[in-house]
Structures are given as C-alpha cells and as structure tokens.
$ cat protein_1.txt   # compact mmCIF, C-alpha atoms
# COMPACT_ATOMS: atom_id res chain seq x y z
CA MET A 1 13.57 6.06 -23.92
CA SER A 2 11.50 9.23 -23.64
CA ASN A 3 11.85 11.67 -20.81
CA ASN A 4 8.33 10.81 -19.62
CA GLU A 5 9.22 7.16 -19.09
CA THR A 6 10.41 6.13 -15.67
CA LEU A 7 12.28 3.08 -14.56
CA LYS A 8 10.29 0.91 -12.22
CA GLY A 9 12.22 -0.90 -9.56
CA THR A 10 11.66 -4.50 -8.63
CA SER A 11 12.27 -6.68 -5.62
CA LEU A 12 12.68 -10.31 -4.63
CA TRP A 13 9.03 -10.55 -3.58
CA LYS A 14 7.70 -9.01 -6.82
CA ASP A 15 9.84 -11.32 -8.92
CA ALA A 16 8.80 -14.29 -6.80
CA TRP A 17 5.11 -13.40 -7.21
CA LYS A 18 5.52 -13.20 -11.00
CA ARG A 19 7.24 -16.59 -11.10
CA LEU A 20 4.60 -18.06 -8.83
CA LEU A 21 1.79 -16.89 -11.12
CA LYS A 22 3.49 -18.66 -14.05
CA ASN A 23 3.40 -21.97 -12.16
CA LYS A 24 0.00 -23.41 -13.06
CA LEU A 25 0.00 -26.07 -10.34
CA ALA A 26 0.90 -23.51 -7.67
CA VAL A 27 -1.87 -21.16 -8.85
CA PHE A 28 -4.31 -24.07 -8.85
CA GLY A 29 -3.27 -24.93 -5.29
CA LEU A 30 -3.63 -21.30 -4.17
CA VAL A 31 -7.12 -21.01 -5.69
CA VAL A 32 -8.26 -24.27 -4.10
CA ILE A 33 -6.93 -23.27 -0.67
CA VAL A 34 -8.63 -19.85 -0.84
CA LEU A 35 -11.92 -21.43 -1.89
CA MET A 36 -11.61 -24.10 0.80
CA VAL A 37 -10.99 -21.51 3.52
CA ILE A 38 -14.01 -19.49 2.37
CA ALA A 39 -16.17 -22.63 2.21
CA VAL A 40 -15.32 -23.92 5.68
CA THR A 41 -15.66 -20.43 7.16
CA ILE A 42 -19.11 -19.47 5.88
CA GLY A 43 -20.41 -22.74 4.41
CA PRO A 44 -21.85 -24.32 7.58
CA ALA A 45 -23.70 -21.13 8.49
CA ILE A 46 -25.18 -20.84 4.99
CA ILE A 47 -26.31 -24.48 5.06
CA ARG A 48 -27.86 -24.00 8.48
CA MET A 49 -29.77 -20.89 7.35
CA THR A 50 -30.96 -22.25 4.01
CA THR A 51 -31.98 -25.75 5.15
CA GLY A 52 -33.30 -25.09 8.65
CA TYR A 53 -31.01 -27.68 10.24
CA THR A 54 -30.25 -27.56 13.93
CA ALA A 55 -26.77 -26.98 15.30
CA ASP A 56 -26.08 -30.70 14.80
CA TYR A 57 -27.19 -30.48 11.16
CA VAL A 58 -30.09 -32.87 11.83
CA PRO A 59 -33.28 -32.05 9.87
CA THR A 60 -35.87 -30.49 12.13
CA ASP A 61 -38.58 -32.89 10.92
CA ILE A 62 -36.83 -35.85 12.60
CA GLY A 63 -38.16 -36.47 16.08
CA GLU A 64 -35.97 -37.02 19.11
CA GLY A 65 -34.88 -40.64 19.37
CA GLU A 66 -36.22 -41.46 15.91
CA LEU A 67 -33.98 -43.81 13.92
CA VAL A 68 -32.86 -42.60 10.52
CA ALA A 69 -30.79 -44.22 7.79
CA SER A 70 -27.87 -42.85 5.82
CA PHE A 71 -29.12 -41.54 2.49
CA PRO A 72 -26.97 -41.41 -0.68
CA PRO A 73 -26.05 -38.12 -2.39
CA SER A 74 -29.02 -36.20 -3.76
CA MET A 75 -30.06 -32.66 -4.65
CA ALA A 76 -31.01 -32.01 -1.01
CA HIS A 77 -27.79 -33.59 0.31
CA PRO A 78 -24.98 -33.35 -2.30
CA MET A 79 -22.68 -35.56 -0.18
CA GLY A 80 -25.45 -37.70 1.34
CA THR A 81 -26.11 -38.10 5.05
CA ASP A 82 -24.63 -40.20 7.83
CA GLU A 83 -26.44 -42.85 9.85
CA LEU A 84 -27.91 -40.16 12.12
CA GLY A 85 -29.36 -38.17 9.24
CA ARG A 86 -26.74 -35.41 9.44
CA ASP A 87 -25.82 -33.72 6.18
CA MET A 88 -22.34 -34.85 5.10
CA LEU A 89 -21.58 -31.62 3.24
CA ALA A 90 -22.13 -29.62 6.42
CA ARG A 91 -20.13 -32.18 8.42
CA VAL A 92 -17.23 -32.06 5.92
CA LEU A 93 -17.15 -28.26 5.99
CA GLN A 94 -17.33 -28.22 9.79
CA GLY A 95 -14.58 -30.82 9.95
CA GLY A 96 -12.51 -28.72 7.56
CA ARG A 97 -12.51 -25.91 10.11
CA ILE A 98 -10.88 -28.15 12.70
CA SER A 99 -8.41 -29.75 10.26
CA LEU A 100 -7.26 -26.41 8.84
CA MET A 101 -7.08 -24.86 12.32
CA VAL A 102 -4.93 -27.75 13.54
CA GLY A 103 -2.61 -27.38 10.56
CA ILE A 104 -2.30 -23.60 10.73
CA ILE A 105 -2.09 -23.13 14.52
CA SER A 106 0.31 -26.04 15.02
CA THR A 107 2.48 -24.63 12.22
CA LEU A 108 2.46 -21.22 13.93
CA VAL A 109 3.60 -22.87 17.17
CA SER A 110 6.40 -24.63 15.30
CA LEU A 111 7.34 -21.34 13.62
CA ILE A 112 7.62 -19.48 16.91
CA VAL A 113 9.68 -22.20 18.58
CA GLY A 114 11.69 -23.32 15.56
CA VAL A 115 12.61 -19.87 14.25
CA SER A 116 13.62 -18.63 17.70
CA TRP A 117 15.64 -21.78 18.51
CA GLY A 118 17.41 -21.94 15.15
CA ALA A 119 18.14 -18.21 14.98
CA ILE A 120 19.65 -18.09 18.47
CA ALA A 121 21.73 -21.23 17.87
CA GLY A 122 23.01 -20.03 14.51
CA TYR A 123 23.92 -16.54 15.68
CA MET A 124 25.49 -17.45 19.01
CA GLY A 125 27.55 -20.31 17.58
CA GLY A 126 30.20 -22.16 19.56
CA ARG A 127 29.15 -24.11 22.62
CA VAL A 128 25.64 -22.62 22.71
CA ASP A 129 25.01 -23.74 19.14
CA ASN A 130 26.45 -27.19 19.85
CA ILE A 131 24.29 -27.76 22.95
CA MET A 132 21.09 -26.48 21.35
CA MET A 133 21.47 -28.54 18.18
CA ARG A 134 22.38 -31.70 20.12
CA ILE A 135 19.07 -31.28 21.95
CA VAL A 136 17.38 -31.16 18.56
CA ASP A 137 19.22 -34.32 17.49
CA ILE A 138 18.13 -36.15 20.64
CA ILE A 139 14.48 -35.23 20.09
CA TYR A 140 14.83 -36.18 16.43
CA ALA A 141 15.90 -39.67 17.47
CA ILE A 142 12.48 -40.25 19.08
CA PRO A 143 9.65 -41.04 16.62
CA TYR A 144 7.59 -37.87 16.82
CA ILE A 145 4.26 -39.63 16.35
CA LEU A 146 4.95 -41.59 19.55
CA VAL A 147 5.67 -38.34 21.38
CA VAL A 148 2.33 -36.91 20.22
CA ILE A 149 0.45 -40.06 21.23
CA VAL A 150 2.09 -40.04 24.68
CA LEU A 151 1.27 -36.34 25.19
CA LEU A 152 -2.35 -36.86 24.17
CA SER A 153 -2.67 -39.96 26.34
CA VAL A 154 -1.01 -38.52 29.46
CA PHE A 155 -2.51 -35.02 29.38
CA GLY A 156 -5.89 -35.85 27.86
CA GLY A 157 -9.19 -36.12 29.73
CA PRO A 158 -9.11 -35.13 33.41
CA ASN A 159 -5.33 -34.61 33.29
CA THR A 160 -5.54 -31.72 30.83
CA PRO A 161 -3.25 -28.87 32.02
CA GLU A 162 -5.06 -25.95 33.62
CA TRP A 163 -3.82 -23.42 31.07
CA ILE A 164 -5.33 -25.48 28.23
CA GLN A 165 -8.62 -25.74 30.16
CA TRP A 166 -8.56 -21.98 30.69
CA LEU A 167 -7.87 -21.38 27.00
CA SER A 168 -10.66 -23.67 25.82
CA SER A 169 -13.07 -22.15 28.37
CA LYS A 170 -12.66 -18.79 26.62
CA PHE A 171 -14.00 -20.33 23.40
CA GLY A 172 -16.43 -23.05 24.40
CA GLY A 173 -17.12 -22.86 28.11
CA ALA A 174 -15.57 -24.62 31.07
CA GLY A 175 -15.52 -28.41 31.15
CA ASN A 176 -15.59 -28.80 27.36
CA GLN A 177 -13.44 -31.94 27.00
CA GLY A 178 -13.74 -31.98 23.21
CA LEU A 179 -12.33 -28.46 22.94
CA ASN A 180 -9.66 -29.29 25.53
CA GLN A 181 -8.53 -32.15 23.27
CA ILE A 182 -8.33 -29.86 20.25
CA PHE A 183 -6.13 -27.31 22.03
CA LEU A 184 -3.99 -30.12 23.43
CA LEU A 185 -3.63 -31.39 19.86
CA PHE A 186 -2.46 -27.91 18.76
CA PHE A 187 0.15 -27.92 21.49
CA ALA A 188 1.33 -31.52 20.98
CA LEU A 189 1.72 -31.26 17.20
CA GLY A 190 3.40 -27.86 17.38
CA LEU A 191 5.78 -29.11 20.05
CA VAL A 192 7.28 -31.78 17.78
CA SER A 193 7.05 -30.11 14.36
CA TRP A 194 9.59 -27.33 14.99
CA LEU A 195 12.75 -29.43 14.74
CA THR A 196 13.30 -29.20 10.97
CA MET A 197 12.30 -25.54 11.06
CA ALA A 198 15.07 -24.89 13.60
CA ARG A 199 17.62 -26.55 11.32
CA VAL A 200 16.46 -24.60 8.28
CA VAL A 201 16.62 -21.27 10.12
CA ARG A 202 19.99 -22.08 11.68
CA GLY A 203 21.48 -22.73 8.24
CA GLN A 204 20.15 -19.42 6.95
CA ILE A 205 21.45 -17.49 9.95
CA LEU A 206 24.91 -19.05 9.60
CA SER A 207 25.09 -17.76 6.03
CA LEU A 208 23.88 -14.27 6.99
CA LYS A 209 25.50 -13.44 10.32
CA ASN A 210 28.80 -12.28 8.80
CA GLN A 211 27.18 -10.03 6.20
CA GLU A 212 27.92 -6.31 6.14
CA PHE A 213 24.54 -5.21 7.49
CA VAL A 214 25.04 -7.38 10.59
CA LEU A 215 28.54 -6.01 11.17
CA ALA A 216 27.16 -2.48 10.79
CA ALA A 217 24.44 -3.21 13.35
CA LYS A 218 27.06 -4.49 15.79
CA ALA A 219 29.22 -1.43 15.25
CA THR A 220 26.33 0.91 16.05
CA GLY A 221 25.64 -0.88 19.34
CA VAL A 222 22.47 -2.77 18.41
CA SER A 223 21.67 -5.43 21.02
CA THR A 224 21.98 -9.14 20.26
CA PRO A 225 18.21 -9.86 20.41
CA ALA A 226 17.57 -6.95 18.03
CA ILE A 227 20.20 -8.20 15.58
CA ILE A 228 18.68 -11.69 15.62
CA PHE A 229 14.99 -10.83 15.37
CA ARG A 230 15.04 -7.46 13.58
CA HIS A 231 17.87 -7.97 11.09
CA LEU A 232 18.63 -11.66 10.59
CA VAL A 233 15.25 -13.37 10.87
CA PRO A 234 13.48 -11.06 8.34
CA ASN A 235 16.22 -11.84 5.81
CA ALA A 236 15.65 -15.57 6.28
CA LEU A 237 11.88 -15.44 5.73
CA GLY A 238 11.96 -16.94 2.22
CA PRO A 239 12.87 -20.52 3.22
CA VAL A 240 10.79 -20.17 6.40
CA ILE A 241 7.64 -19.34 4.41
CA VAL A 242 8.27 -22.23 2.04
CA TYR A 243 8.81 -24.75 4.80
CA ALA A 244 5.81 -23.43 6.76
CA THR A 245 3.63 -23.98 3.68
CA LEU A 246 4.86 -27.56 3.47
CA THR A 247 4.46 -28.10 7.21
CA VAL A 248 0.71 -27.38 7.19
CA PRO A 249 -0.23 -30.47 5.10
CA SER A 250 2.17 -32.62 7.10
CA VAL A 251 0.54 -31.58 10.38
CA MET A 252 -2.95 -32.03 8.94
CA LEU A 253 -2.06 -35.54 7.78
CA THR A 254 -0.73 -36.37 11.26
CA GLU A 255 -3.93 -35.05 12.86
CA ALA A 256 -6.02 -37.12 10.45
CA PHE A 257 -4.00 -40.21 11.36
CA LEU A 258 -4.45 -39.59 15.08
CA SER A 259 -8.18 -38.94 14.67
CA PHE A 260 -8.44 -42.07 12.55
CA LEU A 261 -6.96 -43.99 15.49
CA GLY A 262 -9.49 -42.38 17.83
CA ILE A 263 -7.07 -40.26 19.90
CA GLY A 264 -7.37 -37.00 17.99
CA VAL A 265 -10.43 -34.78 17.70
CA GLN A 266 -13.26 -36.06 19.90
CA ALA A 267 -17.05 -35.71 19.62
CA PRO A 268 -19.02 -33.50 19.43
CA TYR A 269 -16.32 -31.98 17.23
CA ALA A 270 -15.14 -33.60 14.02
CA SER A 271 -12.23 -33.33 11.60
CA TRP A 272 -11.63 -34.89 8.23
CA GLY A 273 -9.70 -37.66 9.94
CA SER A 274 -12.46 -38.48 12.42
CA LEU A 275 -15.07 -38.36 9.63
CA ALA A 276 -12.98 -40.82 7.63
CA SER A 277 -12.68 -43.01 10.74
CA ASP A 278 -16.46 -43.06 11.06
CA GLY A 279 -16.86 -43.68 7.35
CA ILE A 280 -14.52 -46.66 7.24
CA GLN A 281 -16.84 -48.53 9.61
CA ASN A 282 -19.69 -48.26 7.09
CA ILE A 283 -17.72 -48.35 3.83
CA ALA A 284 -19.41 -51.53 2.57
CA VAL A 285 -22.91 -50.07 2.99
CA PHE A 286 -22.48 -46.27 2.94
CA PRO A 287 -19.25 -45.59 0.95
CA TRP A 288 -20.00 -41.87 0.56
CA GLN A 289 -19.32 -41.39 4.28
CA LEU A 290 -15.65 -42.16 3.57
CA ILE A 291 -15.28 -40.97 -0.02
CA PHE A 292 -16.25 -37.32 0.43
CA PRO A 293 -14.16 -36.52 3.56
CA GLY A 294 -11.23 -38.44 2.07
CA VAL A 295 -11.38 -36.72 -1.33
CA THR A 296 -11.77 -33.28 0.27
CA MET A 297 -8.76 -33.84 2.53
CA ALA A 298 -6.67 -35.26 -0.34
CA LEU A 299 -7.50 -32.28 -2.58
CA THR A 300 -6.54 -29.84 0.17
CA LEU A 301 -3.27 -31.63 0.93
CA PHE A 302 -2.35 -31.80 -2.76
CA SER A 303 -3.10 -28.08 -3.15
CA LEU A 304 -0.96 -27.15 -0.15
CA ASN A 305 1.92 -29.21 -1.49
CA PHE A 306 1.56 -27.67 -4.97
CA LEU A 307 1.59 -24.20 -3.40
CA GLY A 308 4.59 -25.04 -1.24
CA ASP A 309 6.57 -26.39 -4.20
CA GLY A 310 5.64 -23.33 -6.22
CA LEU A 311 6.78 -20.98 -3.46
CA ARG A 312 10.04 -22.88 -3.13
CA ASP A 313 10.75 -22.47 -6.85
CA ALA A 314 9.60 -18.84 -6.91
CA LEU A 315 11.70 -17.75 -3.92
CA ASP A 316 14.81 -19.60 -5.07
CA PRO A 317 17.03 -16.93 -6.65
CA GLN A 318 18.71 -19.62 -8.80
CA THR A 319 15.39 -20.60 -10.39
CA ARG A 320 15.09 -19.40 -13.97
CA LYS A 321 12.74 -21.93 -15.51
CA PHE A 322 9.63 -19.76 -15.14
$ encode --input "protein_1.txt" --output "structure tokens"
Amino acid sequence: MSNNETLKGTSLWKDAWKRLLKNKLAVFGLVVIVLMVIAVTIGPAIIRMTTGYTADYVPTDIGEGELVASFPPSMAHPMGTDELGRDMLARVLQGGRISLMVGIISTLVSLIVGVSWGAIAGYMGGRVDNIMMRIVDIIYAIPYILVVIVLLSVFGGPNTPEWIQWLSSKFGGAGNQGLNQIFLLFFALGLVSWLTMARVVRGQILSLKNQEFVLAAKATGVSTPAIIFRHLVPNALGPVIVYATLTVPSVMLTEAFLSFLGIGVQAPYASWGSLASDGIQNIAVFPWQLIFPGVTMALTLFSLNFLGDGLRDALDPQTRKF
C-alpha cells in the first residue's frame, strides 16, 4: 500500500446500504415507493392544470346535474372514469395521498408510543416491566380490528373529540366531518398498532442495558430518561426501522378494509380502500373502477414489504448472503 492511500472506515449503516442495494427486490420496492410518493404528491395538481378539471376532477364541459356514464380507459383517461365522469387516474392518485398518509402517520403514532413503552419497560425491569407488559398482553388479547371499529363508531360523527376537531380545522376548516374521520382513523390505528413495536424495543433494550456504555453513563450521573432515550433507543433503531417499514403496509391494509366496509375514509375524501368499495358495486359493468385502485394498492403494499424484508436482511449483522 502506498503512502498516498488511506484506509476508509465503514459503519453498520454503510454496510447495510451496500447490502440493501444488492437486493433487487428491495431496490425495486424502494424505487416504486419513491415514484408513488412523487406521483400522489404532484400528480393530481398536474392533471388538474393540464386537463382543466375542477377540484372534483369533473370535466368542465359537463353541466350541473347532467348525467354521465363511466367511460373505459382511453388516451384522455388512462384509467377510465367513474359513473360521475371523474377521471380515475386523478381519483387513484388523490386516494393514494390518504392511504399513504394513514399508513405513515399511524406508524409514527405507534413508533412514539411503542418505542417509549418498550424502552421504559425494558430498562426499568422488575415490577414496572411486569405491569407494563401485562397491560400489553391484555390489549393483545382483544382483536385489534374490533377496537378500531369501536373507536370509529363511538367517536365518529358528532361525537368526535374536540382536539381532533381542532386539528382537522387547521387543515380543512371547522365542521369538516370527512377530515375529522381521517384524523380519528390516524389516532385509532396508531393506538392499536404499537403493541408489537413495544415488544420488539423491550427485547432490544434488555440486551443493551447492561452494556459498558450504559454503565459508563450511569457512573457519570446521567439521568434515567437520558440513558433511555439518548443512549439506548438510538442503539435499537435497526429493528425499529425494519418493523416500522413492515407496519406501514399492515396499517394501510387495515385502513383499506375499514374503508371497504364503509367506516373508514368518508366522502368527499377517498382512499384506495373506498375506491375499491365503490368499484366492487359496478364490477360487472365497469371493472376498471375496481381493477386500477386494487392493482395500485397491491403494488404499493408489495413494494413496502419487499423494502421491509430487504432492510431486515441488510441490518441483520449475521446476514452474509448479499
């Protein structure tokens, strides 16, 4: 080795990124997710500007109260239209915003609650750990989908909590029941999706809390909250990131199921699940109303699962197959 050559250091994250890039399915999933996020973010605005549609994506040459039929896919409407003449491509992209927001925000809620709960239980140990994890076991015993349905049924409509109404008023104006339902859906799904996250984090904290860097922090007088959230939690981020990636498609699938039943996202808003619910009613006559939302959602869920599996393999220090 010449004197001009230098040794470049590496790290867990650099090695994990290299292994991830060698996983073709994970890279495919990452590319699809990035493209999907870009499409649902700017796609509806581009369609509205280039086609002259109104905010409801109805062609401006259709008069008020005029009956229109659902048209099959064409050059003007690549995914066809629905029975009201609304462009399905624009509707699918708009619905993708809601579906991805539900998945991401509900996962963030579960991360905040689950990581905090599991980290505190794992570090404190003893009776505190026993009580906290028994609470998790009790909640686990209740089918979580029933809990979500009960929360949406009890707190939906006029019974929506004031803080949710205040939050939705900041985005869509006061009295917006559709937006209230979306924020309630965020809260309900996040409230029941943190249980496994808490167990994952607890297991990681139990394996880390007796390490030398924790003992050194204790010896220097670092407070308990600082040890938990500044020293232990950052060192447990690998499994947390992996599980969070796998939680997003699970939450999105649950939201689609609830919207399919008619208790999820409400009009005038739409998600992939509610679009599929509308499409199933006309599947014999207008199959494209179900096919395109369903295929788009399936592709996104597959991509998220591919990415999650790839991250799990890349961040596993025992993995050497890449």
$ atom_distance --input "protein_1.txt" --atom1 "atom CA of Phe302 of chain A" --atom2 "atom CA of Trp288 of chain A"
20.6 Å
$ closest_residue --input "protein_1.txt" --among "A:Val222, A:Ile33, A:Val136, A:Val128" --to "Gly96 of chain A" --atoms "only C-alpha atoms"
A:Ile33
$ residues_around --input "protein_1.txt" --residues "Asp278 of chain A" --least-positions-apart "2" --cutoff "12 Å" --atoms "all atoms listed in the file" --output "ChimeraX atom specification"
/A:82-84,88,91,259-262,266-267,270-276,280-283,286-291,293-294
$ write_last_selection --input "protein_1.txt" --atoms "C-alpha atoms" --output "mmCIF file, in the frame of the given file"
data_model
loop_
_atom_site.group_PDB
_atom_site.id
_atom_site.type_symbol
_atom_site.label_atom_id
_atom_site.label_comp_id
_atom_site.auth_asym_id
_atom_site.auth_seq_id
_atom_site.Cartn_x
_atom_site.Cartn_y
_atom_site.Cartn_z
ATOM 1 C CA ASP A 82 -24.630 -40.200 7.830
ATOM 2 C CA GLU A 83 -26.440 -42.850 9.850
ATOM 3 C CA LEU A 84 -27.910 -40.160 12.120
ATOM 4 C CA MET A 88 -22.340 -34.850 5.100
ATOM 5 C CA ARG A 91 -20.130 -32.180 8.420
ATOM 6 C CA SER A 259 -8.180 -38.940 14.670
ATOM 7 C CA PHE A 260 -8.440 -42.070 12.550
ATOM 8 C CA LEU A 261 -6.960 -43.990 15.490
ATOM 9 C CA GLY A 262 -9.490 -42.380 17.830
ATOM 10 C CA GLN A 266 -13.260 -36.060 19.900
ATOM 11 C CA ALA A 267 -17.050 -35.710 19.620
ATOM 12 C CA ALA A 270 -15.140 -33.600 14.020
ATOM 13 C CA SER A 271 -12.230 -33.330 11.600
ATOM 14 C CA TRP A 272 -11.630 -34.890 8.230
ATOM 15 C CA GLY A 273 -9.700 -37.660 9.940
ATOM 16 C CA SER A 274 -12.460 -38.480 12.420
ATOM 17 C CA LEU A 275 -15.070 -38.360 9.630
ATOM 18 C CA ALA A 276 -12.980 -40.820 7.630
ATOM 19 C CA ILE A 280 -14.520 -46.660 7.240
ATOM 20 C CA GLN A 281 -16.840 -48.530 9.610
ATOM 21 C CA ASN A 282 -19.690 -48.260 7.090
ATOM 22 C CA ILE A 283 -17.720 -48.350 3.830
ATOM 23 C CA PHE A 286 -22.480 -46.270 2.940
ATOM 24 C CA PRO A 287 -19.250 -45.590 0.950
ATOM 25 C CA TRP A 288 -20.000 -41.870 0.560
ATOM 26 C CA GLN A 289 -19.320 -41.390 4.280
ATOM 27 C CA LEU A 290 -15.650 -42.160 3.570
ATOM 28 C CA ILE A 291 -15.280 -40.970 -0.020
ATOM 29 C CA PRO A 293 -14.160 -36.520 3.560
ATOM 30 C CA GLY A 294 -11.230 -38.440 2.070
#
$ atom_distance --input "protein_1.txt" --atom1 "atom CA of Gly118 of chain A" --atom2 "atom CA of Ile228 of chain A"
10.3 Å
$ atom_distance --input "protein_1.txt" --atom1 "atom CA of Leu93 of chain A" --atom2 "atom CA of Pro44 of chain A"
6.3 Å
$ residues_around --input "protein_1.txt" --residues "segment 139-152 of chain A" --least-positions-apart "4" --cutoff "12 Å" --atoms "all atoms listed in the file" --output "JSON, numbers by chain"
{"A": [132, 133, 134, 135, 156, 157, 158, 159, 160, 161, 180, 181, 182, 183, 184, 185, 186, 187, 188, 189, 190, 191, 192, 193, 194, 195, 196, 198, 199, 250, 251, 253, 254, 255, 257, 258, 259, 261, 262, 263, 264, 265, 266]}
$ axis_aligned_box --input "protein_1.txt" --around "segment 285-296 of chain A" --padding-each-side "6 Å" --output "JSON"
{"center_x": -17.1, "center_y": -41.7, "center_z": 1.5, "size_x": 23.7, "size_y": 28.8, "size_z": 17.6}
$ decode --input "protein_1.txt" --residues "segment 290-317 of chain A" --atoms "N, CA and C atoms" --output "compact mmCIF listing (two decimals), in the first residue's frame"
# COMPACT_ATOMS: atom_id res chain seq x y z
N LEU A 290 -62.62 -0.95 -10.19
CA LEU A 290 -62.04 -1.77 -9.13
C LEU A 290 -60.61 -2.17 -9.44
N ILE A 291 -60.33 -2.46 -10.72
CA ILE A 291 -59.02 -3.01 -11.08
C ILE A 291 -57.90 -2.02 -10.79
N PHE A 292 -58.04 -0.77 -11.21
CA PHE A 292 -56.93 0.17 -11.09
C PHE A 292 -56.63 0.56 -9.63
N PRO A 293 -57.62 0.88 -8.79
CA PRO A 293 -57.28 1.12 -7.38
C PRO A 293 -56.70 -0.11 -6.70
N GLY A 294 -57.26 -1.29 -7.03
CA GLY A 294 -56.77 -2.52 -6.41
C GLY A 294 -55.35 -2.85 -6.81
N VAL A 295 -55.03 -2.72 -8.10
CA VAL A 295 -53.68 -3.02 -8.57
C VAL A 295 -52.68 -2.02 -7.99
N THR A 296 -53.06 -0.74 -7.95
CA THR A 296 -52.16 0.28 -7.40
C THR A 296 -51.86 0.01 -5.93
N MET A 297 -52.89 -0.31 -5.16
CA MET A 297 -52.68 -0.60 -3.74
C MET A 297 -51.85 -1.86 -3.56
N ALA A 298 -52.12 -2.91 -4.36
CA ALA A 298 -51.36 -4.15 -4.24
C ALA A 298 -49.89 -3.93 -4.57
N LEU A 299 -49.61 -3.16 -5.62
CA LEU A 299 -48.22 -2.87 -5.99
C LEU A 299 -47.50 -2.12 -4.88
N THR A 300 -48.19 -1.15 -4.27
CA THR A 300 -47.57 -0.39 -3.18
C THR A 300 -47.31 -1.26 -1.97
N LEU A 301 -48.27 -2.12 -1.61
CA LEU A 301 -48.09 -2.99 -0.46
C LEU A 301 -46.97 -3.99 -0.70
N PHE A 302 -46.91 -4.57 -1.90
CA PHE A 302 -45.82 -5.48 -2.23
C PHE A 302 -44.48 -4.77 -2.12
N SER A 303 -44.39 -3.56 -2.63
CA SER A 303 -43.13 -2.81 -2.62
C SER A 303 -42.69 -2.51 -1.18
N LEU A 304 -43.63 -2.12 -0.35
CA LEU A 304 -43.30 -1.85 1.05
C LEU A 304 -42.81 -3.11 1.75
N ASN A 305 -43.44 -4.24 1.47
CA ASN A 305 -42.99 -5.49 2.08
C ASN A 305 -41.63 -5.92 1.56
N PHE A 306 -41.38 -5.73 0.25
CA PHE A 306 -40.06 -6.04 -0.30
C PHE A 306 -38.99 -5.17 0.36
N LEU A 307 -39.30 -3.87 0.52
CA LEU A 307 -38.34 -2.96 1.15
C LEU A 307 -38.12 -3.34 2.60
N GLY A 308 -39.18 -3.68 3.31
CA GLY A 308 -39.04 -4.08 4.71
C GLY A 308 -38.21 -5.34 4.87
N ASP A 309 -38.44 -6.34 4.01
CA ASP A 309 -37.64 -7.57 4.07
C ASP A 309 -36.19 -7.29 3.73
N GLY A 310 -35.98 -6.40 2.74
CA GLY A 310 -34.60 -6.06 2.39
C GLY A 310 -33.88 -5.34 3.51
N LEU A 311 -34.57 -4.43 4.19
CA LEU A 311 -33.96 -3.74 5.33
C LEU A 311 -33.66 -4.70 6.47
N ARG A 312 -34.56 -5.64 6.69
CA ARG A 312 -34.33 -6.63 7.75
C ARG A 312 -33.07 -7.43 7.47
N ASP A 313 -32.89 -7.88 6.22
CA ASP A 313 -31.69 -8.64 5.88
C ASP A 313 -30.45 -7.76 5.91
N ALA A 314 -30.56 -6.51 5.47
CA ALA A 314 -29.40 -5.63 5.40
C ALA A 314 -28.90 -5.21 6.79
N LEU A 315 -29.83 -5.03 7.71
CA LEU A 315 -29.46 -4.56 9.05
C LEU A 315 -29.13 -5.70 10.00
N ASP A 316 -29.34 -6.92 9.56
CA ASP A 316 -29.02 -8.08 10.40
C ASP A 316 -27.51 -8.34 10.31
N PRO A 317 -26.77 -8.17 11.38
CA PRO A 317 -25.32 -8.35 11.32
C PRO A 317 -24.91 -9.78 11.00
